[in-house]
Number of protein chains: 2
Amino acid sequence: MSLRYIGQKLAQQIDDELMSASGAFSIDQLMELAGLSCAQALAKSFPAHTHRRVLVCCGPGNQGGDGLVAARHLHHFAYAPTIYYPKPGGKELYHRLLRQAQNLGIPVVDTDAFAGALRDADVVLDAIFGFSFHPPVRAPFDTVLSALAQSAAPIISVDIPSGWGVEAGRQPLTNSDGEEVATIDPAVLVSLTAPKEGVRTYAGKHWLGGRFVPDNLAKKHELNLPAYPGVDQVVELPSAGKL
Amino acid sequence: MSLRYIGQKLAQQIDDELMSASGAFSIDQLMELAGLSCAQALAKSFPAHTHRRVLVCCGPGNQGGDGLVAARHLHHFAYAPTIYYPKPGGKELYHRLLRQAQNLGIPVVDTDAFAGALRDADVVLDAIFGFSFHPPVRAPFDTVLSALAQSAAPIISVDIPSGWGVEAGRQPLTNSDGEEVATIDPAVLVSLTAPKEGVRTYAGKHWLGGRFVPDNLAKKHELNLPAYPGVDQVVELPSAGKL
């Protein structure tokens, strides 16, 4: 039974089921575990002694929240994260997650300071767009993605590389004005819950995180998740490049 | 600078500060990380292939909540936990945590079935009383503690061995009728946030968990916390028996 790559609709359905009355999870819990998974995947891919300065790019939705949680754990893992969060989402949870990070002294840079922060970064955590993304790319993320695509720092993307189609995968992109936006090619990917259809041919280092999916939910949707090792919150998936 | 052992009042104050408007943590987040710490400490002390059957004993307060979270993670870590939760606390969060565990098929036993569950257990996770405990011990936990004290299965206690004084440490105990209750001697202890005064002379294997204390809070209260290794949620403390 091989691992299932899921589409946008099923990804949303699984999230809904986890947080339904019967699933009983709160978003605080799931986001904490998802963000911890991302931080662990980064730490297992880029050691702190070589990649201490992490630029955590957060989008306005839940994936940005995962990024804020990851930044906090990365600080505790002895990294020096910096947060770029130009369009804070409205949920009260996001405000609290940002505050928690700021309480650790994690700097938050604005769009004017983004280019400098990117130059200084040893690695970028891309938590901009998640499985709800639909093109075109809205400002300021159009220029951000183009800058990331040209950066020397390796990128680790959460769930789906920002700008890729959740189902279509790597694709040409435009912004709201119809101008071309560069496509990023992350060195590392951390899929959450189950990998998405759009990364089926992704050939970089690939982690799965979100070690909280109940067995009956995994079975119902035939996810065929691999076994996680030990107490880790991530498990490495075979890369499509090695299949 | 040596590790600080904290009293009941400061333990409560640190919790309050973490969950204050400025600390910005929700109890869902902190309990998730605390319970994960407990599950990791158990896994690092008692491997699943020798200690698969874990009896998780949960009290009515927040420590019982930590136990419910730990039981869920232990299931994901390939253990076979059973929950004993005779006096469910009123918080809605506890109900959800119990439901999450039940969704994994984790059995919940009542007081009639407790003795049998204890006989079948390879290890006991004691999440009965936390740092808010004041004697005497109320039923049914009086008979439970006496049974645990005589059990062959090793005990891993959360924060403070149940029945010990948070500050006074190992002490003679009575129940509400003035009858003697046996004192437990856990093989392993997992302190949360910072160790409590009552375990200063504890000589068993000792873990610290709760890798979320902000540096400024640790500094303000002179906790002098040790560095956690890698991406672990627990760090082993020197045992008083080895000092």
# chains A, B, ... in the order shown; residues from 1 in each chain; ligands from 1

$ closest_atom_pairs --of "chain B" --to "chain A" --cutoff "8 Å" --atoms "only C-alpha atoms" --output "tab-separated table"
residue	atom	partner	partner_atom	distance
B:Ser22	CA	A:Arg99	CA	7.5
B:Gly23	CA	A:Gln100	CA	6.6
B:Ala24	CA	A:Arg96	CA	5.1
B:Phe25	CA	A:Arg96	CA	6.9
B:Ser26	CA	A:Asp28	CA	7.5
B:Asp28	CA	A:Gln29	CA	5.9
B:Gln29	CA	A:Gln29	CA	5.6
B:Glu32	CA	A:Gln29	CA	6.4
B:Gln40	CA	A:Val231	CA	6.3
B:Ala43	CA	A:Val231	CA	7.4
B:His73	CA	A:Phe212	CA	7.9
B:His76	CA	A:Arg211	CA	7.2
B:Phe77	CA	A:Val231	CA	6.1
B:Arg96	CA	A:Ala24	CA	5.1
B:Leu97	CA	A:Ala24	CA	7.3
B:Arg99	CA	A:Ala24	CA	6.5
B:Gln100	CA	A:Ala24	CA	6.0
B:Asn103	CA	A:Pro214	CA	6.9
B:Leu104	CA	A:Pro214	CA	5.7
B:Arg211	CA	A:His76	CA	7.2
B:Phe212	CA	A:His76	CA	7.4
B:Pro214	CA	A:Leu104	CA	5.7
B:Asp215	CA	A:Leu104	CA	6.5
B:Asn216	CA	A:Leu104	CA	7.4
B:Tyr228	CA	A:Phe77	CA	7.9
B:Gly230	CA	A:Phe77	CA	6.4
B:Val231	CA	A:Phe77	CA	6.1

$ residues_around --residues "B:Ala168" --least-positions-apart "6" --cutoff "9 Å" --atoms "only C-alpha atoms" --output "list of chain:residue names"
B:Glu197, B:Gly198, B:Val199

$ atom_distance --atom1 "atom CA of A:Ala152" --atom2 "atom CA of A:Ala70"
21.8 Å

$ select_by_dssp --residues "stretch 14-78 of chain A" --states "alpha helix (DSSP H)" --output "PDB file with N, CA, C and O atoms, in the first residue's frame"
ATOM      1  N   ILE A  14      -9.751  16.726   5.972  1.00  0.00           N
ATOM      2  CA  ILE A  14      -9.037  16.100   7.096  1.00  0.00           C
ATOM      3  C   ILE A  14      -8.848  17.107   8.224  1.00  0.00           C
ATOM      4  O   ILE A  14      -9.066  16.791   9.396  1.00  0.00           O
ATOM      5  N   ASP A  15      -8.469  18.335   7.878  1.00  0.00           N
ATOM      6  CA  ASP A  15      -8.359  19.386   8.898  1.00  0.00           C
ATOM      7  C   ASP A  15      -9.696  19.592   9.609  1.00  0.00           C
ATOM      8  O   ASP A  15      -9.755  19.696  10.834  1.00  0.00           O
ATOM      9  N   ASP A  16     -10.761  19.646   8.822  1.00  0.00           N
ATOM     10  CA  ASP A  16     -12.096  19.849   9.402  1.00  0.00           C
ATOM     11  C   ASP A  16     -12.467  18.693  10.328  1.00  0.00           C
ATOM     12  O   ASP A  16     -13.026  18.903  11.409  1.00  0.00           O
ATOM     13  N   GLU A  17     -12.154  17.469   9.907  1.00  0.00           N
ATOM     14  CA  GLU A  17     -12.498  16.307  10.735  1.00  0.00           C
ATOM     15  C   GLU A  17     -11.702  16.304  12.042  1.00  0.00           C
ATOM     16  O   GLU A  17     -12.227  15.969  13.101  1.00  0.00           O
ATOM     17  N   LEU A  18     -10.419  16.673  11.959  1.00  0.00           N
ATOM     18  CA  LEU A  18      -9.596  16.711  13.178  1.00  0.00           C
ATOM     19  C   LEU A  18     -10.167  17.713  14.182  1.00  0.00           C
ATOM     20  O   LEU A  18     -10.158  17.464  15.389  1.00  0.00           O
ATOM     21  N   ILE A  27      -7.345  24.137  17.273  1.00  0.00           N
ATOM     22  CA  ILE A  27      -6.339  24.604  16.329  1.00  0.00           C
ATOM     23  C   ILE A  27      -5.033  24.922  17.065  1.00  0.00           C
ATOM     24  O   ILE A  27      -3.945  24.742  16.517  1.00  0.00           O
ATOM     25  N   ASP A  28      -5.128  25.348  18.322  1.00  0.00           N
ATOM     26  CA  ASP A  28      -3.910  25.607  19.112  1.00  0.00           C
ATOM     27  C   ASP A  28      -3.038  24.359  19.188  1.00  0.00           C
ATOM     28  O   ASP A  28      -1.814  24.421  19.043  1.00  0.00           O
ATOM     29  N   GLN A  29      -3.689  23.220  19.449  1.00  0.00           N
ATOM     30  CA  GLN A  29      -2.945  21.959  19.562  1.00  0.00           C
ATOM     31  C   GLN A  29      -2.308  21.575  18.242  1.00  0.00           C
ATOM     32  O   GLN A  29      -1.125  21.248  18.172  1.00  0.00           O
ATOM     33  N   LEU A  30      -3.124  21.567  17.184  1.00  0.00           N
ATOM     34  CA  LEU A  30      -2.640  21.089  15.884  1.00  0.00           C
ATOM     35  C   LEU A  30      -1.543  21.995  15.328  1.00  0.00           C
ATOM     36  O   LEU A  30      -0.560  21.517  14.757  1.00  0.00           O
ATOM     37  N   MET A  31      -1.718  23.303  15.519  1.00  0.00           N
ATOM     38  CA  MET A  31      -0.720  24.239  15.003  1.00  0.00           C
ATOM     39  C   MET A  31       0.593  24.100  15.783  1.00  0.00           C
ATOM     40  O   MET A  31       1.683  24.211  15.212  1.00  0.00           O
ATOM     41  N   GLU A  32       0.478  23.829  17.093  1.00  0.00           N
ATOM     42  CA  GLU A  32       1.678  23.629  17.907  1.00  0.00           C
ATOM     43  C   GLU A  32       2.462  22.415  17.397  1.00  0.00           C
ATOM     44  O   GLU A  32       3.682  22.467  17.227  1.00  0.00           O
ATOM     45  N   LEU A  33       1.748  21.321  17.148  1.00  0.00           N
ATOM     46  CA  LEU A  33       2.421  20.098  16.696  1.00  0.00           C
ATOM     47  C   LEU A  33       2.923  20.243  15.255  1.00  0.00           C
ATOM     48  O   LEU A  33       4.011  19.754  14.917  1.00  0.00           O
ATOM     49  N   ALA A  34       2.164  20.935  14.410  1.00  0.00           N
ATOM     50  CA  ALA A  34       2.597  21.142  13.026  1.00  0.00           C
ATOM     51  C   ALA A  34       3.855  22.008  12.989  1.00  0.00           C
ATOM     52  O   ALA A  34       4.823  21.700  12.290  1.00  0.00           O
ATOM     53  N   GLY A  35       3.843  23.096  13.757  1.00  0.00           N
ATOM     54  CA  GLY A  35       5.000  23.985  13.787  1.00  0.00           C
ATOM     55  C   GLY A  35       6.228  23.304  14.371  1.00  0.00           C
ATOM     56  O   GLY A  35       7.360  23.514  13.917  1.00  0.00           O
ATOM     57  N   LEU A  36       5.997  22.470  15.391  1.00  0.00           N
ATOM     58  CA  LEU A  36       7.108  21.705  15.972  1.00  0.00           C
ATOM     59  C   LEU A  36       7.683  20.746  14.933  1.00  0.00           C
ATOM     60  O   LEU A  36       8.909  20.576  14.830  1.00  0.00           O
ATOM     61  N   SER A  37       6.819  20.118  14.143  1.00  0.00           N
ATOM     62  CA  SER A  37       7.274  19.248  13.050  1.00  0.00           C
ATOM     63  C   SER A  37       8.178  20.015  12.085  1.00  0.00           C
ATOM     64  O   SER A  37       9.228  19.516  11.665  1.00  0.00           O
ATOM     65  N   CYS A  38       7.753  21.215  11.716  1.00  0.00           N
ATOM     66  CA  CYS A  38       8.531  22.024  10.769  1.00  0.00           C
ATOM     67  C   CYS A  38       9.900  22.369  11.352  1.00  0.00           C
ATOM     68  O   CYS A  38      10.920  22.290  10.656  1.00  0.00           O
ATOM     69  N   ALA A  39       9.914  22.748  12.629  1.00  0.00           N
ATOM     70  CA  ALA A  39      11.188  23.086  13.276  1.00  0.00           C
ATOM     71  C   ALA A  39      12.106  21.862  13.340  1.00  0.00           C
ATOM     72  O   ALA A  39      13.316  21.954  13.116  1.00  0.00           O
ATOM     73  N   GLN A  40      11.533  20.703  13.642  1.00  0.00           N
ATOM     74  CA  GLN A  40      12.332  19.470  13.703  1.00  0.00           C
ATOM     75  C   GLN A  40      12.876  19.118  12.320  1.00  0.00           C
ATOM     76  O   GLN A  40      14.035  18.716  12.191  1.00  0.00           O
ATOM     77  N   ALA A  41      12.047  19.242  11.297  1.00  0.00           N
ATOM     78  CA  ALA A  41      12.497  18.925   9.931  1.00  0.00           C
ATOM     79  C   ALA A  41      13.643  19.840   9.528  1.00  0.00           C
ATOM     80  O   ALA A  41      14.629  19.395   8.922  1.00  0.00           O
ATOM     81  N   LEU A  42      13.524  21.121   9.877  1.00  0.00           N
ATOM     82  CA  LEU A  42      14.609  22.047   9.554  1.00  0.00           C
ATOM     83  C   LEU A  42      15.882  21.647  10.300  1.00  0.00           C
ATOM     84  O   LEU A  42      16.963  21.583   9.706  1.00  0.00           O
ATOM     85  N   ALA A  43      15.732  21.333  11.585  1.00  0.00           N
ATOM     86  CA  ALA A  43      16.908  20.988  12.392  1.00  0.00           C
ATOM     87  C   ALA A  43      17.579  19.707  11.893  1.00  0.00           C
ATOM     88  O   ALA A  43      18.810  19.569  11.974  1.00  0.00           O
ATOM     89  N   LYS A  44      16.785  18.781  11.384  1.00  0.00           N
ATOM     90  CA  LYS A  44      17.351  17.528  10.876  1.00  0.00           C
ATOM     91  C   LYS A  44      17.951  17.705   9.479  1.00  0.00           C
ATOM     92  O   LYS A  44      18.667  16.831   8.997  1.00  0.00           O
ATOM     93  N   SER A  45      17.644  18.813   8.814  1.00  0.00           N
ATOM     94  CA  SER A  45      18.148  19.062   7.463  1.00  0.00           C
ATOM     95  C   SER A  45      19.313  20.054   7.457  1.00  0.00           C
ATOM     96  O   SER A  45      20.242  19.917   6.658  1.00  0.00           O
ATOM     97  N   ASN A  62      -3.252  29.913   8.010  1.00  0.00           N
ATOM     98  CA  ASN A  62      -2.800  28.941   9.004  1.00  0.00           C
ATOM     99  C   ASN A  62      -1.341  28.535   8.807  1.00  0.00           C
ATOM    100  O   ASN A  62      -0.646  28.230   9.767  1.00  0.00           O
ATOM    101  N   GLN A  63      -0.884  28.540   7.548  1.00  0.00           N
ATOM    102  CA  GLN A  63       0.500  28.136   7.360  1.00  0.00           C
ATOM    103  C   GLN A  63       1.459  29.161   7.969  1.00  0.00           C
ATOM    104  O   GLN A  63       2.503  28.799   8.498  1.00  0.00           O
ATOM    105  N   GLY A  64       1.054  30.440   7.917  1.00  0.00           N
ATOM    106  CA  GLY A  64       1.845  31.456   8.602  1.00  0.00           C
ATOM    107  C   GLY A  64       1.896  31.184  10.106  1.00  0.00           C
ATOM    108  O   GLY A  64       2.924  31.392  10.753  1.00  0.00           O
ATOM    109  N   GLY A  65       0.782  30.698  10.652  1.00  0.00           N
ATOM    110  CA  GLY A  65       0.752  30.323  12.073  1.00  0.00           C
ATOM    111  C   GLY A  65       1.727  29.191  12.366  1.00  0.00           C
ATOM    112  O   GLY A  65       2.456  29.219  13.368  1.00  0.00           O
ATOM    113  N   ASP A  66       1.767  28.190  11.490  1.00  0.00           N
ATOM    114  CA  ASP A  66       2.750  27.103  11.638  1.00  0.00           C
ATOM    115  C   ASP A  66       4.167  27.680  11.676  1.00  0.00           C
ATOM    116  O   ASP A  66       5.019  27.240  12.448  1.00  0.00           O
ATOM    117  N   GLY A  67       4.400  28.674  10.804  1.00  0.00           N
ATOM    118  CA  GLY A  67       5.717  29.303  10.747  1.00  0.00           C
ATOM    119  C   GLY A  67       6.069  30.016  12.045  1.00  0.00           C
ATOM    120  O   GLY A  67       7.211  29.929  12.514  1.00  0.00           O
ATOM    121  N   LEU A  68       5.084  30.705  12.635  1.00  0.00           N
ATOM    122  CA  LEU A  68       5.331  31.405  13.905  1.00  0.00           C
ATOM    123  C   LEU A  68       5.674  30.412  15.015  1.00  0.00           C
ATOM    124  O   LEU A  68       6.559  30.657  15.834  1.00  0.00           O
ATOM    125  N   VAL A  69       4.960  29.292  15.044  1.00  0.00           N
ATOM    126  CA  VAL A  69       5.267  28.249  16.036  1.00  0.00           C
ATOM    127  C   VAL A  69       6.668  27.691  15.784  1.00  0.00           C
ATOM    128  O   VAL A  69       7.465  27.510  16.720  1.00  0.00           O
ATOM    129  N   ALA A  70       6.979  27.424  14.512  1.00  0.00           N
ATOM    130  CA  ALA A  70       8.291  26.867  14.175  1.00  0.00           C
ATOM    131  C   ALA A  70       9.410  27.819  14.599  1.00  0.00           C
ATOM    132  O   ALA A  70      10.436  27.376  15.143  1.00  0.00           O
ATOM    133  N   ALA A  71       9.207  29.121  14.370  1.00  0.00           N
ATOM    134  CA  ALA A  71      10.237  30.102  14.749  1.00  0.00           C
ATOM    135  C   ALA A  71      10.527  30.015  16.245  1.00  0.00           C
ATOM    136  O   ALA A  71      11.685  30.040  16.674  1.00  0.00           O
ATOM    137  N   ARG A  72       9.474  29.890  17.044  1.00  0.00           N
ATOM    138  CA  ARG A  72       9.655  29.783  18.506  1.00  0.00           C
ATOM    139  C   ARG A  72      10.447  28.535  18.881  1.00  0.00           C
ATOM    140  O   ARG A  72      11.392  28.597  19.672  1.00  0.00           O
ATOM    141  N   HIS A  73      10.082  27.396  18.304  1.00  0.00           N
ATOM    142  CA  HIS A  73      10.818  26.161  18.630  1.00  0.00           C
ATOM    143  C   HIS A  73      12.262  26.235  18.118  1.00  0.00           C
ATOM    144  O   HIS A  73      13.179  25.738  18.777  1.00  0.00           O
ATOM    145  N   LEU A  74      12.455  26.857  16.950  1.00  0.00           N
ATOM    146  CA  LEU A  74      13.823  26.990  16.426  1.00  0.00           C
ATOM    147  C   LEU A  74      14.689  27.806  17.382  1.00  0.00           C
ATOM    148  O   LEU A  74      15.863  27.487  17.592  1.00  0.00           O
ATOM    149  N   HIS A  75      14.110  28.845  17.968  1.00  0.00           N
ATOM    150  CA  HIS A  75      14.847  29.604  18.997  1.00  0.00           C
ATOM    151  C   HIS A  75      15.270  28.664  20.138  1.00  0.00           C
ATOM    152  O   HIS A  75      16.430  28.673  20.560  1.00  0.00           O
ATOM    153  N   HIS A  76      14.353  27.841  20.604  1.00  0.00           N
ATOM    154  CA  HIS A  76      14.682  26.911  21.694  1.00  0.00           C
ATOM    155  C   HIS A  76      15.689  25.848  21.237  1.00  0.00           C
ATOM    156  O   HIS A  76      16.411  25.285  22.053  1.00  0.00           O
TER     157      HIS A  76
END

$ select_by_dssp --residues "stretch 122-163 of chain A" --states "strand (DSSP E)" --output "list in words"
Val123, Val124, Leu125, Asp126, Ala127, Ile155, Ile156, Ser157 and Val158 of chain A

$ residues_around --residues "A:Arg200" --least-positions-apart "4" --cutoff "12 Å" --atoms "only C-alpha atoms" --output "ChimeraX atom specification"
/A:3-7,159-160,164-170,189,191,194-196,204,206,237-241,243

$ write_last_selection --atoms "N, CA and C atoms" --output "JSON list (two decimals), in the first residue's frame"
[["chain", "number", "residue", "atom", "x", "y", "z"],
["A", 3, "LEU", "N", 1.89, 5.31, -0.14],
["A", 3, "LEU", "CA", 1.49, 6.60, 0.42],
["A", 3, "LEU", "C", 0.55, 7.33, -0.53],
["A", 4, "ARG", "N", -0.50, 7.93, 0.03],
["A", 4, "ARG", "CA", -1.45, 8.65, -0.81],
["A", 4, "ARG", "C", -1.11, 10.14, -0.87],
["A", 5, "TYR", "N", -1.12, 10.69, -2.05],
["A", 5, "TYR", "CA", -0.95, 12.14, -2.23],
["A", 5, "TYR", "C", -2.35, 12.73, -2.34],
["A", 6, "ILE", "N", -2.66, 13.70, -1.50],
["A", 6, "ILE", "CA", -4.04, 14.17, -1.41],
["A", 6, "ILE", "C", -4.23, 15.54, -2.06],
["A", 7, "GLY", "N", -5.46, 15.79, -2.49],
["A", 7, "GLY", "CA", -5.81, 17.06, -3.13],
["A", 7, "GLY", "C", -6.26, 18.10, -2.11],
["A", 159, "ASP", "N", 4.54, 22.10, 3.58],
["A", 159, "ASP", "CA", 3.36, 21.47, 2.96],
["A", 159, "ASP", "C", 3.36, 21.50, 1.44],
["A", 160, "ILE", "N", 3.48, 22.69, 0.88],
["A", 160, "ILE", "CA", 3.53, 22.83, -0.58],
["A", 160, "ILE", "C", 4.42, 24.05, -0.84],
["A", 164, "TRP", "N", 3.36, 26.95, -5.84],
["A", 164, "TRP", "CA", 3.02, 25.73, -6.57],
["A", 164, "TRP", "C", 1.52, 25.44, -6.42],
["A", 165, "GLY", "N", 0.96, 24.76, -7.38],
["A", 165, "GLY", "CA", -0.42, 24.34, -7.26],
["A", 165, "GLY", "C", -0.52, 23.16, -6.31],
["A", 166, "VAL", "N", -1.50, 23.19, -5.44],
["A", 166, "VAL", "CA", -1.66, 22.10, -4.47],
["A", 166, "VAL", "C", -1.84, 20.77, -5.21],
["A", 167, "GLU", "N", -2.49, 20.87, -6.37],
["A", 167, "GLU", "CA", -2.67, 19.67, -7.19],
["A", 167, "GLU", "C", -1.81, 19.72, -8.46],
["A", 168, "ALA", "N", -1.67, 20.92, -9.04],
["A", 168, "ALA", "CA", -0.95, 21.06, -10.31],
["A", 168, "ALA", "C", 0.57, 20.98, -10.14],
["A", 169, "GLY", "N", 1.04, 21.30, -8.93],
["A", 169, "GLY", "CA", 2.49, 21.25, -8.72],
["A", 169, "GLY", "C", 3.21, 22.48, -9.23],
["A", 170, "ARG", "N", 4.48, 22.28, -9.60],
["A", 170, "ARG", "CA", 5.32, 23.40, -10.05],
["A", 170, "ARG", "C", 4.68, 24.01, -11.29],
["A", 189, "LEU", "N", 11.35, 19.84, 1.78],
["A", 189, "LEU", "CA", 9.90, 20.01, 1.91],
["A", 189, "LEU", "C", 9.44, 19.26, 3.15],
["A", 191, "SER", "N", 5.93, 17.99, 4.37],
["A", 191, "SER", "CA", 4.49, 17.82, 4.18],
["A", 191, "SER", "C", 3.84, 17.61, 5.53],
["A", 194, "ALA", "N", -0.41, 14.60, 5.37],
["A", 194, "ALA", "CA", -0.19, 13.70, 4.22],
["A", 194, "ALA", "C", 0.32, 14.58, 3.08],
["A", 195, "PRO", "N", 1.18, 14.04, 2.19],
["A", 195, "PRO", "CA", 1.71, 14.87, 1.10],
["A", 195, "PRO", "C", 0.61, 15.22, 0.10],
["A", 196, "LYS", "N", 0.79, 16.37, -0.56],
["A", 196, "LYS", "CA", -0.22, 16.87, -1.48],
["A", 196, "LYS", "C", 0.12, 16.42, -2.91],
["A", 204, "GLY", "N", 13.45, 16.77, -4.05],
["A", 204, "GLY", "CA", 14.36, 17.15, -2.96],
["A", 204, "GLY", "C", 14.15, 16.28, -1.72],
["A", 206, "HIS", "N", 12.53, 15.18, 1.55],
["A", 206, "HIS", "CA", 11.09, 15.27, 1.83],
["A", 206, "HIS", "C", 10.75, 14.65, 3.19],
["A", 237, "LEU", "N", 10.44, 10.86, 3.89],
["A", 237, "LEU", "CA", 9.76, 10.13, 2.81],
["A", 237, "LEU", "C", 10.76, 9.86, 1.69],
["A", 238, "PRO", "N", 10.55, 8.79, 0.95],
["A", 238, "PRO", "CA", 11.41, 8.57, -0.21],
["A", 238, "PRO", "C", 11.21, 9.72, -1.19],
["A", 239, "SER", "N", 12.32, 10.27, -1.69],
["A", 239, "SER", "CA", 12.23, 11.37, -2.64],
["A", 239, "SER", "C", 11.86, 10.81, -4.00],
["A", 240, "ALA", "N", 11.04, 11.58, -4.74],
["A", 240, "ALA", "CA", 10.67, 11.16, -6.10],
["A", 240, "ALA", "C", 11.92, 11.04, -6.96],
["A", 241, "GLY", "N", 12.95, 11.82, -6.63],
["A", 241, "GLY", "CA", 14.19, 11.77, -7.39],
["A", 241, "GLY", "C", 14.91, 10.45, -7.23],
["A", 243, "LEU", "N", 13.14, 7.51, -6.68],
["A", 243, "LEU", "CA", 12.21, 6.38, -6.94],
["A", 243, "LEU", "C", 12.59, 5.65, -8.22]]

$ residues_around --residues "A:Gly116" --least-positions-apart "4" --cutoff "12 Å" --atoms "only C-alpha atoms" --output "count of residues only"
11

$ residues_around --residues "A:Ser157" --least-positions-apart "3" --cutoff "7 Å" --atoms "only C-alpha atoms" --output "VMD selection string"
chain A and resid 125 to 127 160 to 161 186 188 to 190

$ write_last_selection --atoms "C-alpha atoms" --output "PDB file, in the first residue's frame"
ATOM      1  CA  LEU A 125      11.563  28.565   6.089  1.00  0.00           C
ATOM      2  CA  ASP A 126       8.786  29.120   3.553  1.00  0.00           C
ATOM      3  CA  ALA A 127       5.482  29.192   5.445  1.00  0.00           C
ATOM      4  CA  ILE A 160       3.531  22.834  -0.583  1.00  0.00           C
ATOM      5  CA  PRO A 161       6.208  25.140  -2.014  1.00  0.00           C
ATOM      6  CA  PRO A 186      12.972  24.333  -2.238  1.00  0.00           C
ATOM      7  CA  VAL A 188      13.628  20.523   1.490  1.00  0.00           C
ATOM      8  CA  LEU A 189       9.898  20.010   1.912  1.00  0.00           C
ATOM      9  CA  VAL A 190       7.942  19.142   5.027  1.00  0.00           C
TER      10      VAL A 190
END

$ closest_residue --among "A:Gln150, A:Ser132, A:Asn175, A:Gln8" --to "A:Leu118" --atoms "only C-alpha atoms"
A:Gln150

$ closest_residue --among "A:Ile156, A:Leu10, A:Val181, A:Ala149" --to "A:Pro136" --atoms "only C-alpha atoms"
A:Val181

$ residues_around --residues "B:Asp142" --least-positions-apart "5" --cutoff "12 Å" --atoms "only C-alpha atoms" --output "JSON, numbers by chain"
{"B": [59, 111, 128, 129, 135, 136, 137, 147, 148, 149, 162, 163, 173, 174, 175, 176, 177, 178, 179, 180, 181, 182, 183, 184]}

$ atom_distance --atom1 "atom CA of B:Leu223" --atom2 "atom CA of B:Thr201"
17.5 Å
